[in-house]
Amino acid sequence: MKKLVNDENAVSVSVGYILTFAITALVIVLIMGSFFMLVEQTENRVSYDEYKVYANLISNQISEMDRFIYSIESQGGAVNSMEYEVKLPLTIAGNYYTVELCNSSEEIIFTSQTPTSTQFRTPYSINSNTEIASGIIYVSHKNHYLIYDNETKMIMLE
């Protein structure tokens, strides 16, 4: 019996297995963590690129409306109302988002509704007496409209 208690021949094998298992588990956890971080960064990059495309689309449509209104009014005409359809996807990179027109900073702001909250801002410019109505829309369907109202001389996103 005394021989088994003081025998240390199998200790190194047991410790080796435990260390190998612990190191393997640690490596797997680190690889999984870096994979999930990489996926999240890719999702944010895709969201940012898509927001950029749609923000520039809206900015170009606002500029086009403004040029059209300016050219008609400079020739003595009047534009009673005008409407442009803005087709926006319901989600971008699987996330819902908002679109904000900010009159004070003259920016279009896309913001994702996620904990990381990816945001993209792009400026717009207008040359005529037209104003842009500040506001936020929560994209809940694909078709939204840029609407010009002659009475208020404002372009609104609805």
# chains A, B, ... in the order shown; residues from 1 in each chain; ligands from 1
>>> select_by_dssp(residues="region 2-149 of chain A", states="alpha helix (DSSP H)", output="number ranges by chain")
A: 2-5, 11-74
>>> residues_around(residues="Glu151 (chain A)", least_positions_apart="2", cutoff="9 Å", atoms="only C-alpha atoms", output="PyMOL selection string")
chain A and resi 80-81+149+153-154
>>> write_last_selection(atoms="N, CA and C atoms", output="CSV table (one decimal), in the first residue's frame")
chain,number,residue,atom,x,y,z
A,80,ASN,N,-46.5,74.0,-57.6
A,80,ASN,CA,-47.4,73.8,-56.5
A,80,ASN,C,-47.0,72.7,-55.5
A,81,SER,N,-46.7,71.6,-56.1
A,81,SER,CA,-46.2,70.5,-55.3
A,81,SER,C,-45.4,69.5,-56.2
A,149,ASP,N,-43.9,71.2,-50.8
A,149,ASP,CA,-45.1,71.9,-50.6
A,149,ASP,C,-44.9,73.4,-50.8
A,153,LYS,N,-43.0,76.1,-48.6
A,153,LYS,CA,-41.7,76.2,-49.4
A,153,LYS,C,-40.7,75.2,-48.7
A,154,MET,N,-41.2,74.0,-48.4
A,154,MET,CA,-40.4,73.0,-47.7
A,154,MET,C,-40.4,71.7,-48.4
>>> residues_around(residues="region 58-73 of chain A", least_positions_apart="5", cutoff="10 Å", atoms="only C-alpha atoms", output="number ranges by chain")
A: 53, 78-88, 101, 107-108, 122-132, 145-148, 150, 153, 155-157
>>> select_by_dssp(residues="chain A", states="strand (DSSP E or B)", output="PyMOL selection string")
chain A and resi 81-87+92+95+97-102+107-112+119-123+131-132+135-138+143-149+154-157
>>> atom_distance(atom1="CA of Thr20 (chain A)", atom2="CA of Met37 (chain A)")
25.9 Å
>>> atom_distance(atom1="CA of Gly76 (chain A)", atom2="CA of Glu106 (chain A)")
27.4 Å
>>> atom_distance(atom1="CA of Ala133 (chain A)", atom2="CA of Ile109 (chain A)")
13.6 Å
